[in-house]
file target.cif (mmCIF, C-alpha atoms)
data_target
loop_
_atom_site.group_PDB
_atom_site.id
_atom_site.type_symbol
_atom_site.label_atom_id
_atom_site.label_comp_id
_atom_site.auth_asym_id
_atom_site.auth_seq_id
_atom_site.Cartn_x
_atom_site.Cartn_y
_atom_site.Cartn_z
ATOM 1 C CA MET A 1211 -78.429 84.112 130.270
ATOM 2 C CA ARG A 1212 -81.942 85.603 130.441
ATOM 3 C CA GLY A 1213 -83.488 86.372 127.103
ATOM 4 C CA ALA A 1214 -81.259 83.814 125.388
ATOM 5 C CA ARG A 1215 -78.259 86.154 125.766
ATOM 6 C CA GLU A 1216 -74.762 84.726 125.804
ATOM 7 C CA ILE A 1217 -71.775 86.211 127.613
ATOM 8 C CA ALA A 1218 -68.224 85.319 126.606
ATOM 9 C CA ALA A 1219 -66.615 85.242 130.055
ATOM 10 C CA VAL A 1220 -63.247 84.021 128.685
ATOM 11 C CA THR A 1221 -62.237 84.220 125.024
ATOM 12 C CA ASP A 1222 -59.200 82.873 123.149
ATOM 13 C CA ALA A 1223 -57.168 82.153 126.298
ATOM 14 C CA THR A 1224 -53.996 80.432 125.111
ATOM 15 C CA PHE A 1225 -50.965 79.662 127.263
ATOM 16 C CA ARG A 1226 -48.665 76.806 128.294
ATOM 17 C CA LEU A 1227 -47.436 75.778 131.717
ATOM 18 C CA HIS A 1228 -44.338 73.662 132.176
ATOM 19 C CA PRO A 1229 -43.278 71.476 135.134
ATOM 20 C CA GLY A 1230 -41.669 73.512 137.898
ATOM 21 C CA GLU A 1231 -43.053 76.805 136.552
ATOM 22 C CA SER A 1232 -45.274 79.413 138.177
ATOM 23 C CA LEU A 1233 -47.648 81.525 136.077
ATOM 24 C CA ALA A 1234 -49.495 84.421 137.713
ATOM 25 C CA LEU A 1235 -52.802 85.317 136.037
ATOM 26 C CA ILE A 1236 -53.601 88.900 137.009
ATOM 27 C CA GLY A 1237 -56.281 91.464 136.253
ATOM 28 C CA GLU A 1238 -59.087 93.477 137.826
ATOM 29 C CA SER A 1239 -62.032 91.730 139.481
ATOM 30 C CA GLY A 1240 -64.595 90.409 137.009
ATOM 31 C CA CYS A 1241 -62.173 89.955 134.107
ATOM 32 C CA GLY A 1242 -62.674 86.164 133.917
ATOM 33 C CA LYS A 1243 -59.753 84.774 135.924
ATOM 34 C CA SER A 1244 -61.801 82.540 138.235
ATOM 35 C CA VAL A 1245 -64.070 81.443 135.381
ATOM 36 C CA LEU A 1246 -60.979 80.132 133.596
ATOM 37 C CA ALA A 1247 -59.971 78.207 136.727
ATOM 38 C CA SER A 1248 -63.462 76.735 137.089
ATOM 39 C CA ALA A 1249 -63.383 75.615 133.458
ATOM 40 C CA LEU A 1250 -60.109 73.748 133.999
ATOM 41 C CA LEU A 1251 -61.604 71.878 136.962
ATOM 42 C CA GLY A 1252 -64.996 71.226 135.352
ATOM 43 C CA LEU A 1253 -66.774 73.372 137.930
ATOM 44 C CA LEU A 1254 -68.628 75.806 135.672
ATOM 45 C CA PRO A 1255 -72.385 76.255 136.198
ATOM 46 C CA GLY A 1256 -74.766 74.126 134.165
ATOM 47 C CA ASN A 1257 -75.637 76.906 131.708
ATOM 48 C CA ALA A 1258 -72.011 77.387 130.644
ATOM 49 C CA ARG A 1259 -70.474 76.120 127.403
ATOM 50 C CA THR A 1260 -66.811 75.660 126.572
ATOM 51 C CA GLU A 1261 -65.023 75.403 123.259
ATOM 52 C CA GLY A 1262 -61.427 74.591 122.445
ATOM 53 C CA HIS A 1263 -59.041 72.414 124.445
ATOM 54 C CA ALA A 1264 -57.257 72.428 127.789
ATOM 55 C CA TRP A 1265 -54.651 69.677 127.633
ATOM 56 C CA LEU A 1266 -53.295 68.199 130.840
ATOM 57 C CA SER A 1267 -50.174 66.166 130.158
ATOM 58 C CA GLY A 1268 -49.706 62.621 131.408
ATOM 59 C CA GLY A 1269 -49.489 62.036 135.130
ATOM 60 C CA ARG A 1270 -46.835 60.281 137.160
ATOM 61 C CA ALA A 1271 -47.827 56.883 135.726
ATOM 62 C CA GLY A 1272 -47.302 58.112 132.164
ATOM 63 C CA ASP A 1273 -51.000 58.504 131.392
ATOM 64 C CA ASP A 1274 -51.912 59.995 128.039
ATOM 65 C CA ARG A 1275 -52.743 63.676 128.072
ATOM 66 C CA LEU A 1276 -56.324 64.572 128.929
ATOM 67 C CA ASP A 1277 -58.529 67.299 127.483
ATOM 68 C CA LEU A 1278 -60.066 68.827 130.605
ATOM 69 C CA LEU A 1279 -62.809 70.599 128.660
ATOM 70 C CA ALA A 1280 -63.988 67.339 127.105
ATOM 71 C CA ALA A 1281 -63.632 65.115 130.187
ATOM 72 C CA ASP A 1282 -66.795 63.829 131.874
ATOM 73 C CA GLU A 1283 -67.610 64.391 135.539
ATOM 74 C CA ARG A 1284 -66.616 60.869 136.555
ATOM 75 C CA THR A 1285 -63.133 61.304 135.062
ATOM 76 C CA LEU A 1286 -62.666 64.720 136.628
ATOM 77 C CA ALA A 1287 -63.846 63.576 140.044
ATOM 78 C CA ARG A 1288 -61.895 60.308 140.156
ATOM 79 C CA THR A 1289 -58.669 61.060 138.339
ATOM 80 C CA VAL A 1290 -58.163 64.836 138.102
ATOM 81 C CA ARG A 1291 -59.360 66.841 141.098
ATOM 82 C CA GLY A 1292 -56.927 66.398 143.949
ATOM 83 C CA ARG A 1293 -54.826 63.843 142.066
ATOM 84 C CA ARG A 1294 -53.607 65.671 138.975
ATOM 85 C CA ILE A 1295 -54.788 69.192 139.864
ATOM 86 C CA GLY A 1296 -54.721 70.427 143.453
ATOM 87 C CA LEU A 1297 -56.932 73.421 144.264
ATOM 88 C CA VAL A 1298 -55.852 76.039 146.787
ATOM 89 C CA PRO A 1299 -59.156 77.902 147.199
ATOM 90 C CA GLN A 1300 -59.900 81.594 147.434
ATOM 91 C CA SER A 1301 -61.805 81.237 150.704
ATOM 92 C CA PRO A 1302 -60.602 78.564 153.138
ATOM 93 C CA ALA A 1303 -63.554 79.347 155.400
ATOM 94 C CA ALA A 1304 -65.920 78.157 152.667
ATOM 95 C CA HIS A 1305 -63.666 75.272 151.606
ATOM 96 C CA LEU A 1306 -63.038 73.669 154.993
ATOM 97 C CA THR A 1307 -65.790 71.659 156.677
ATOM 98 C CA PRO A 1308 -66.738 73.738 159.743
ATOM 99 C CA VAL A 1309 -67.866 70.860 162.010
ATOM 100 C CA ARG A 1310 -64.767 68.699 161.600
ATOM 101 C CA SER A 1311 -61.225 69.142 162.850
ATOM 102 C CA ILE A 1312 -58.358 69.746 160.459
ATOM 103 C CA ARG A 1313 -56.936 66.337 161.432
ATOM 104 C CA SER A 1314 -60.202 64.635 160.461
ATOM 105 C CA GLN A 1315 -60.288 66.385 157.085
ATOM 106 C CA LEU A 1316 -56.667 65.549 156.346
ATOM 107 C CA ARG A 1317 -57.232 61.919 157.367
ATOM 108 C CA GLU A 1318 -60.172 61.569 154.993
ATOM 109 C CA THR A 1319 -58.253 63.194 152.140
ATOM 110 C CA LEU A 1320 -55.238 60.938 152.757
ATOM 111 C CA ARG A 1321 -57.475 57.879 152.660
ATOM 112 C CA GLU A 1322 -59.222 58.913 149.435
ATOM 113 C CA LEU A 1323 -56.246 60.283 147.500
ATOM 114 C CA ALA A 1324 -53.273 58.341 148.883
ATOM 115 C CA GLY A 1325 -54.859 55.169 150.276
ATOM 116 C CA ARG A 1326 -53.375 55.862 153.700
ATOM 117 C CA ARG A 1327 -54.901 55.769 157.184
ATOM 118 C CA ASP A 1328 -52.324 57.978 158.869
ATOM 119 C CA GLY A 1329 -49.838 60.714 158.077
ATOM 120 C CA GLU A 1330 -51.774 63.828 159.094
ATOM 121 C CA GLU A 1331 -48.742 65.409 160.766
ATOM 122 C CA ALA A 1332 -46.527 64.937 157.707
ATOM 123 C CA ALA A 1333 -49.269 66.268 155.412
ATOM 124 C CA ALA A 1334 -49.705 69.332 157.610
ATOM 125 C CA ALA A 1335 -45.954 69.948 157.704
ATOM 126 C CA ARG A 1336 -45.808 70.243 153.891
ATOM 127 C CA ALA A 1337 -47.817 73.452 154.182
ATOM 128 C CA ALA A 1338 -46.161 74.584 157.438
ATOM 129 C CA PHE A 1339 -49.386 73.947 159.365
ATOM 130 C CA PRO A 1340 -48.529 73.417 163.073
ATOM 131 C CA ALA A 1341 -49.170 69.907 164.367
ATOM 132 C CA ASP A 1342 -50.525 71.220 167.686
ATOM 133 C CA HIS A 1343 -53.424 72.851 165.784
ATOM 134 C CA LEU A 1344 -54.569 69.700 163.974
ATOM 135 C CA ASP A 1345 -57.375 68.981 166.426
ATOM 136 C CA ARG A 1346 -58.827 72.459 166.077
ATOM 137 C CA HIS A 1347 -61.844 73.319 163.945
ATOM 138 C CA PRO A 1348 -61.720 75.904 161.146
ATOM 139 C CA HIS A 1349 -63.394 78.635 163.235
ATOM 140 C CA GLN A 1350 -60.566 78.307 165.772
ATOM 141 C CA LEU A 1351 -57.903 79.200 163.199
ATOM 142 C CA SER A 1352 -56.584 82.535 162.037
ATOM 143 C CA GLY A 1353 -56.908 83.421 158.367
ATOM 144 C CA GLY A 1354 -53.311 82.447 157.733
ATOM 145 C CA LEU A 1355 -53.632 79.072 159.452
ATOM 146 C CA ALA A 1356 -56.877 78.337 157.618
ATOM 147 C CA GLN A 1357 -55.083 79.062 154.348
ATOM 148 C CA ARG A 1358 -52.269 76.694 155.309
ATOM 149 C CA ALA A 1359 -54.804 73.998 156.181
ATOM 150 C CA ALA A 1360 -56.434 74.374 152.759
ATOM 151 C CA THR A 1361 -53.000 74.257 151.113
ATOM 152 C CA ALA A 1362 -52.131 71.089 153.035
ATOM 153 C CA LEU A 1363 -55.316 69.448 151.747
ATOM 154 C CA ALA A 1364 -54.445 70.506 148.192
ATOM 155 C CA LEU A 1365 -51.003 68.880 148.465
ATOM 156 C CA VAL A 1366 -52.128 65.489 149.785
ATOM 157 C CA GLY A 1367 -52.605 63.961 146.341
ATOM 158 C CA ASP A 1368 -49.174 65.204 145.231
ATOM 159 C CA ALA A 1369 -50.845 66.689 142.155
ATOM 160 C CA PRO A 1370 -48.309 67.907 139.590
ATOM 161 C CA LEU A 1371 -50.419 71.034 138.905
ATOM 162 C CA LEU A 1372 -51.543 73.392 141.656
ATOM 163 C CA LEU A 1373 -54.264 75.917 140.936
ATOM 164 C CA ALA A 1374 -54.385 78.716 143.502
ATOM 165 C CA ASP A 1375 -57.428 80.975 143.100
ATOM 166 C CA GLU A 1376 -56.829 84.235 144.973
ATOM 167 C CA PRO A 1377 -55.139 82.387 147.868
ATOM 168 C CA THR A 1378 -54.120 85.598 149.650
ATOM 169 C CA THR A 1379 -57.507 87.359 149.757
ATOM 170 C CA GLY A 1380 -58.198 88.914 153.144
ATOM 171 C CA LEU A 1381 -54.732 88.267 154.586
ATOM 172 C CA ASP A 1382 -52.432 90.936 155.986
ATOM 173 C CA ARG A 1383 -49.140 91.574 154.218
ATOM 174 C CA GLU A 1384 -47.067 89.319 156.435
ATOM 175 C CA LEU A 1385 -49.441 86.388 155.906
ATOM 176 C CA VAL A 1386 -49.617 87.118 152.175
ATOM 177 C CA ASP A 1387 -45.852 86.864 151.902
ATOM 178 C CA ARG A 1388 -45.758 83.697 153.991
ATOM 179 C CA THR A 1389 -48.509 82.033 151.935
ATOM 180 C CA VAL A 1390 -46.836 82.993 148.665
ATOM 181 C CA ASP A 1391 -43.472 81.704 149.860
ATOM 182 C CA GLU A 1392 -45.039 78.379 150.852
ATOM 183 C CA LEU A 1393 -46.584 78.023 147.388
ATOM 184 C CA ARG A 1394 -43.297 79.006 145.759
ATOM 185 C CA ALA A 1395 -41.569 76.280 147.759
ATOM 186 C CA GLN A 1396 -43.895 73.742 146.124
ATOM 187 C CA VAL A 1397 -42.880 75.049 142.685
ATOM 188 C CA ASP A 1398 -39.235 74.738 143.612
ATOM 189 C CA ARG A 1399 -39.931 71.077 144.475
ATOM 190 C CA GLY A 1400 -41.193 70.466 140.929
ATOM 191 C CA HIS A 1401 -44.891 71.306 141.084
ATOM 192 C CA THR A 1402 -46.465 73.559 138.469
ATOM 193 C CA LEU A 1403 -48.495 76.521 139.734
ATOM 194 C CA LEU A 1404 -51.219 78.621 138.148
ATOM 195 C CA MET A 1405 -51.886 81.445 140.606
ATOM 196 C CA ILE A 1406 -54.877 83.687 140.001
ATOM 197 C CA THR A 1407 -54.523 86.994 141.805
ATOM 198 C CA HIS A 1408 -55.134 90.712 141.736
ATOM 199 C CA ASP A 1409 -52.248 91.221 144.174
ATOM 200 C CA LEU A 1410 -49.361 92.400 142.019
ATOM 201 C CA ALA A 1411 -46.861 92.275 144.878
ATOM 202 C CA ALA A 1412 -47.717 88.613 145.443
ATOM 203 C CA ALA A 1413 -47.450 87.954 141.714
ATOM 204 C CA GLU A 1414 -44.008 89.546 141.550
ATOM 205 C CA ARG A 1415 -42.884 87.464 144.528
ATOM 206 C CA ILE A 1416 -43.971 84.090 143.122
ATOM 207 C CA ALA A 1417 -44.198 84.170 139.324
ATOM 208 C CA ASP A 1418 -41.838 83.007 136.604
ATOM 209 C CA ARG A 1419 -44.237 84.357 133.988
ATOM 210 C CA VAL A 1420 -47.216 86.719 134.061
ATOM 211 C CA ALA A 1421 -50.459 86.607 132.072
ATOM 212 C CA VAL A 1422 -52.606 89.748 132.155
ATOM 213 C CA MET A 1423 -56.343 89.367 131.538
ATOM 214 C CA TYR A 1424 -58.745 92.152 130.601
ATOM 215 C CA ALA A 1425 -62.452 91.752 129.813
ATOM 216 C CA GLY A 1426 -62.140 88.003 129.309
ATOM 217 C CA ARG A 1427 -59.027 88.046 127.102
ATOM 218 C CA ILE A 1428 -55.351 87.571 127.845
ATOM 219 C CA VAL A 1429 -53.744 90.798 126.647
ATOM 220 C CA GLU A 1430 -50.129 90.165 127.639
ATOM 221 C CA LEU A 1431 -47.874 87.194 128.406
ATOM 222 C CA ALA A 1432 -44.408 88.052 129.680
ATOM 223 C CA ASP A 1433 -41.451 86.900 131.702
ATOM 224 C CA ALA A 1434 -41.999 88.087 135.274
ATOM 225 C CA LYS A 1435 -38.604 89.769 135.638
ATOM 226 C CA THR A 1436 -39.140 91.698 132.417
ATOM 227 C CA PHE A 1437 -42.743 92.551 133.322
ATOM 228 C CA PHE A 1438 -42.004 93.910 136.795
ATOM 229 C CA GLY A 1439 -38.586 95.299 135.912
ATOM 230 C CA THR A 1440 -37.137 96.667 132.702
ATOM 231 C CA PRO A 1441 -38.504 97.344 130.121
ATOM 232 C CA GLY A 1442 -41.808 96.542 131.843
ATOM 233 C CA PRO A 1443 -45.240 95.716 130.381
ATOM 234 C CA ARG A 1444 -45.942 96.405 126.728
ATOM 235 C CA HIS A 1445 -49.749 96.556 126.883
ATOM 236 C CA PRO A 1446 -51.129 99.944 128.059
ATOM 237 C CA TYR A 1447 -53.506 98.208 130.484
ATOM 238 C CA ALA A 1448 -50.737 96.139 132.046
ATOM 239 C CA ARG A 1449 -48.588 99.256 132.308
ATOM 240 C CA GLY A 1450 -51.514 101.029 133.961
ATOM 241 C CA LEU A 1451 -51.867 98.285 136.565
ATOM 242 C CA LEU A 1452 -48.273 98.761 137.671
ATOM 243 C CA ASP A 1453 -48.471 102.560 137.548
ATOM 244 C CA ALA A 1454 -51.477 102.430 139.901
ATOM 245 C CA LEU A 1455 -49.376 100.882 142.682
ATOM 246 C CA PRO A 1456 -48.571 103.215 145.624
ATOM 247 C CA GLU A 1457 -44.868 102.414 145.363
ATOM 248 C CA ARG A 1458 -44.875 103.436 141.701
ATOM 249 C CA ALA A 1459 -46.703 106.367 140.067
ATOM 250 C CA PHE A 1460 -49.880 105.830 142.170
ATOM 251 C CA THR A 1461 -51.922 106.884 139.130
ATOM 252 C CA PRO A 1462 -55.211 105.038 138.634
ATOM 253 C CA ILE A 1463 -56.393 103.821 135.252
ATOM 254 C CA PRO A 1464 -59.212 106.169 134.164
ATOM 255 C CA GLY A 1465 -62.720 104.794 133.782
ATOM 256 C CA MET A 1466 -64.097 101.401 134.729
ATOM 257 C CA PRO A 1467 -63.765 97.930 133.196
ATOM 258 C CA PRO A 1468 -66.644 97.077 130.839
ATOM 259 C CA GLU A 1469 -69.321 94.557 131.738
ATOM 260 C CA LEU A 1470 -68.709 91.251 129.970
ATOM 261 C CA GLY A 1471 -72.270 91.406 128.679
ATOM 262 C CA GLY A 1472 -71.709 94.787 127.037
ATOM 263 C CA LEU A 1473 -68.211 94.820 125.630
ATOM 264 C CA PRO A 1474 -67.354 97.598 123.164
ATOM 265 C CA ALA A 1475 -66.551 96.676 119.595
ATOM 266 C CA GLY A 1476 -62.894 96.088 118.879
ATOM 267 C CA CYS A 1477 -60.336 96.418 121.667
ATOM 268 C CA ALA A 1478 -62.186 96.338 124.988
ATOM 269 C CA PHE A 1479 -59.582 98.591 126.618
ATOM 270 C CA ALA A 1480 -59.777 101.316 123.954
ATOM 271 C CA PRO A 1481 -62.289 103.541 125.858
ATOM 272 C CA ARG A 1482 -59.768 103.808 128.730
ATOM 273 C CA CYS A 1483 -56.574 103.830 126.664
ATOM 274 C CA PRO A 1484 -54.480 106.957 125.938
ATOM 275 C CA ARG A 1485 -53.059 105.221 122.839
ATOM 276 C CA ALA A 1486 -56.417 104.385 121.257
ATOM 277 C CA ALA A 1487 -56.675 105.068 117.511
ATOM 278 C CA ASP A 1488 -58.785 104.016 114.536
ATOM 279 C CA ALA A 1489 -57.079 100.620 114.364
ATOM 280 C CA CYS A 1490 -58.529 99.777 117.794
ATOM 281 C CA ALA A 1491 -61.946 99.275 116.210
ATOM 282 C CA ALA A 1492 -60.708 95.725 115.502
ATOM 283 C CA VAL A 1493 -59.887 93.188 118.206
ATOM 284 C CA PRO A 1494 -56.080 92.868 118.372
ATOM 285 C CA PRO A 1495 -54.740 89.297 118.308
ATOM 286 C CA LEU A 1496 -52.177 88.106 120.846
ATOM 287 C CA THR A 1497 -48.946 88.433 118.869
ATOM 288 C CA ASP A 1498 -45.474 88.032 120.361
ATOM 289 C CA GLY A 1499 -46.965 88.085 123.830
ATOM 290 C CA VAL A 1500 -49.124 91.198 123.555
ATOM 291 C CA ALA A 1501 -52.620 91.909 122.201
ATOM 292 C CA CYS A 1502 -52.442 95.561 121.233
ATOM 293 C CA HIS A 1503 -52.345 97.586 118.028
ATOM 294 C CA HIS A 1504 -49.984 100.081 119.659
ATOM 295 C CA PRO A 1505 -47.847 98.193 122.201
ATOM 296 C CA ARG A 1506 -45.182 100.056 124.098
ATOM 297 C CA SER A 1507 -41.605 99.576 122.981
ATOM 298 C CA ASP A 1508 -38.477 99.742 125.141
ATOM 299 C CA ARG A 1509 -38.377 103.459 124.441
ATOM 300 C CA ALA A 1510 -42.008 104.430 124.935
#
call {"tool": "encode", "arguments": {"input": "target.cif", "output": "structure tokens"}}
result
Amino acid sequence: MRGAREIAAVTDATFRLHPGESLALIGESGCGKSVLASALLGLLPGNARTEGHAWLSGGRAGDDRLDLLAADERTLARTVRGRRIGLVPQSPAAHLTPVRSIRSQLRETLRELAGRRDGEEAAAARAAFPADHLDRHPHQLSGGLAQRAATALALVGDAPLLLADEPTTGLDRELVDRTVDELRAQVDRGHTLLMITHDLAAAERIADRVAVMYAGRIVELADAKTFFGTPGPRHPYARGLLDALPERAFTPIPGMPPELGGLPAGCAFAPRCPRAADACAAVPPLTDGVACHHPRSDRA
């Protein structure tokens, strides 16, 4: 950044995703969720640096696994994006080409990713996009239909991994549920899904597992049923997210998230945490699914 400063937008993110599994990555805005997604797709800005590995297992043809962080642009563009990783974008309005019909965009994607010159109706049907809207332009679609169009484009290459970056932003509750159910249907057909969201209701509806991110670090990894049910989250921040929901305690987490360029020493959540103690002066490692010096137990 300016003045030769460096900001660690995502640090020590470690998780696995298996075929037919859905992982919801949740956390407040600015915690690094979308940066992680951009890193996996090779779409970080030019001044960004990555370290470590992001292994993508072999594709349908039995290809050797690929390190996404080490792959060059040619490899990512020709063999990964759309073919091995399908992106369901945060903003369909920005993702869809405004001067072309949905049919035209699907036709081009089918030609490039599947080598086909037809099949727009079948491609649209996979995302429950109505065939009688194919000749419409993006500005003629509702938010929900635009999201389905973007999802249909993401599914054309039959990519084994789907990456959905805030796919329900700006939608009303009915459309959120419908979009989430359509993505869950893809998981049930064998696709793997990484869904980035701040919508906890959507996460509960779709996820097999939950990863909670705070200030650039994953602070909890848990089974979704355990996380949203009993005994619930173990990290105080994750517990606070659920307690802030109107249908639960409706109690906000005190304070504000720190800026990534000015993180406190030690545990970044300590200034907002009721359990903070001297041990929190050191960064807690992710151990047994939680990064906290004082995780909650089943009884506390």
call {"tool": "residues_around", "arguments": {"input": "target.cif", "residues": "A:Leu1316", "least_positions_apart": "5", "cutoff": "9 Å", "atoms": "only C-alpha atoms", "output": "PyMOL selection string"}}
result
chain A and resi 1311+1321+1329-1330+1333-1334+1344+1359+1362-1363+1366
call {"tool": "resolve_selection", "arguments": {"input": "target.cif", "expression": "the PyMOL selection byres ((chain A and resi 1448) around 12)", "output": "JSON, numbers by chain"}}
result
{"A": [1235, 1236, 1237, 1238, 1408, 1410, 1420, 1421, 1422, 1423, 1424, 1428, 1429, 1430, 1431, 1432, 1437, 1438, 1442, 1443, 1444, 1445, 1446, 1447, 1449, 1450, 1451, 1452, 1453, 1454, 1455, 1462, 1463, 1479, 1483, 1500, 1501, 1502, 1505, 1506]}
call {"tool": "closest_residue", "arguments": {"input": "target.cif", "among": "A:Asp1398, A:Ala1425, A:Ile1217, A:Phe1460", "to": "A:Val1493", "atoms": "only C-alpha atoms"}}
result
A:Ala1425
call {"tool": "residues_around", "arguments": {"input": "target.cif", "residues": "A:Ala1258", "least_positions_apart": "4", "cutoff": "10 Å", "atoms": "all atoms listed in the file", "output": "compact mmCIF listing (two decimals) with C-alpha atoms, in the coordinates of the input"}}
result
# COMPACT_ATOMS: atom_id res chain seq x y z
CA MET A 1211 -78.43 84.11 130.27
CA GLU A 1216 -74.76 84.73 125.80
CA ILE A 1217 -71.78 86.21 127.61
CA ALA A 1218 -68.22 85.32 126.61
CA ALA A 1219 -66.61 85.24 130.06
CA ALA A 1249 -63.38 75.61 133.46
CA LEU A 1253 -66.77 73.37 137.93
CA LEU A 1254 -68.63 75.81 135.67
call {"tool": "closest_residue", "arguments": {"input": "target.cif", "among": "A:Thr1436, A:Thr1319, A:Thr1224, A:Ser1248", "to": "A:Glu1414", "atoms": "only C-alpha atoms"}}
result
A:Thr1436
call {"tool": "closest_residue", "arguments": {"input": "target.cif", "among": "A:Leu1286, A:Leu1470, A:Val1245, A:Ala1475", "to": "A:Arg1215", "atoms": "only C-alpha atoms"}}
result
A:Leu1470
call {"tool": "resolve_selection", "arguments": {"input": "target.cif", "expression": "the PyMOL selection byres ((chain A and resi 1404) around 9)", "output": "list in words"}}
result
Leu1227, Glu1231, Ser1232, Leu1233, Ala1234, Leu1235, Ala1247, Leu1371, Leu1372, Leu1373, Ala1374, Asp1375, Thr1402, Leu1403, Met1405 and Ile1406 of chain A
call {"tool": "residues_near_point", "arguments": {"input": "target.cif", "point": "(-55.9, 69.0, 138.0)", "cutoff": "10 Å", "atoms": "all atoms listed in the file", "output": "PyMOL selection string"}}
result
chain A and resi 1250-1252+1266+1269+1278+1286-1287+1289-1297+1369-1373
call {"tool": "atom_distance", "arguments": {"input": "target.cif", "atom1": "atom CA of A:Pro1474", "atom2": "atom CA of A:Ala1413"}}
result
28.9 Å
call {"tool": "atom_distance", "arguments": {"input": "target.cif", "atom1": "atom CA of A:Gly1242", "atom2": "atom CA of A:Gly1426"}}
result
5.0 Å
call {"tool": "closest_residue", "arguments": {"input": "target.cif", "among": "A:Gly1325, A:Pro1495, A:Gly1354, A:Gly1240", "to": "A:Ala1338", "atoms": "all atoms listed in the file"}}
result
A:Gly1354
call {"tool": "closest_residue", "arguments": {"input": "target.cif", "among": "A:Glu1322, A:Pro1494, A:Arg1427, A:Leu1385", "to": "A:Asp1222", "atoms": "all atoms listed in the file"}}
result
A:Arg1427
call {"tool": "closest_residue", "arguments": {"input": "target.cif", "among": "A:Gln1396, A:Ser1239, A:Thr1379, A:Gln1315", "to": "A:Ala1412", "atoms": "only C-alpha atoms"}}
result
A:Thr1379
call {"tool": "residues_around", "arguments": {"input": "target.cif", "residues": "stretch 1302-1310 of chain A", "least_positions_apart": "3", "cutoff": "10 Å", "atoms": "all atoms listed in the file", "output": "number ranges by chain"}}
result
A: 1298-1299, 1313-1315, 1345-1351, 1353-1361, 1363, 1377, 1379
call {"tool": "atom_distance", "arguments": {"input": "target.cif", "atom1": "atom CA of A:Pro1229", "atom2": "atom CA of A:Arg1388"}}
result
22.6 Å
call {"tool": "decode", "arguments": {"input": "target.cif", "residues": "stretch 1280-1303 of chain A", "atoms": "C-alpha atoms", "output": "short mmCIF file (atom, residue, chain, number, x, y, z; two decimals), in the first residue's frame"}}
result
data_model
loop_
_atom_site.label_atom_id
_atom_site.label_comp_id
_atom_site.auth_asym_id
_atom_site.auth_seq_id
_atom_site.Cartn_x
_atom_site.Cartn_y
_atom_site.Cartn_z
CA ALA A 1280 1.04 -20.78 -8.18
CA ALA A 1281 -0.85 -21.15 -11.48
CA ASP A 1282 -0.20 -18.62 -14.24
CA GLU A 1283 -2.91 -16.53 -15.88
CA ARG A 1284 -3.03 -18.68 -19.00
CA THR A 1285 -3.71 -21.82 -16.95
CA LEU A 1286 -6.35 -20.12 -14.83
CA ALA A 1287 -8.11 -18.61 -17.83
CA ARG A 1288 -8.06 -21.71 -20.03
CA THR A 1289 -8.46 -24.60 -17.62
CA VAL A 1290 -9.80 -23.32 -14.28
CA ARG A 1291 -12.28 -20.45 -14.50
CA GLY A 1292 -15.62 -21.77 -15.67
CA ARG A 1293 -14.29 -25.29 -16.22
CA ARG A 1294 -13.04 -26.41 -12.82
CA ILE A 1295 -14.35 -23.51 -10.72
CA GLY A 1296 -17.68 -21.86 -11.53
CA LEU A 1297 -18.24 -18.37 -10.10
CA VAL A 1298 -21.68 -17.25 -8.96
CA PRO A 1299 -21.00 -13.52 -8.54
CA GLN A 1300 -22.07 -11.10 -5.85
CA SER A 1301 -23.62 -8.66 -8.33
CA PRO A 1302 -25.26 -10.15 -11.43
CA ALA A 1303 -25.87 -6.63 -12.74
#
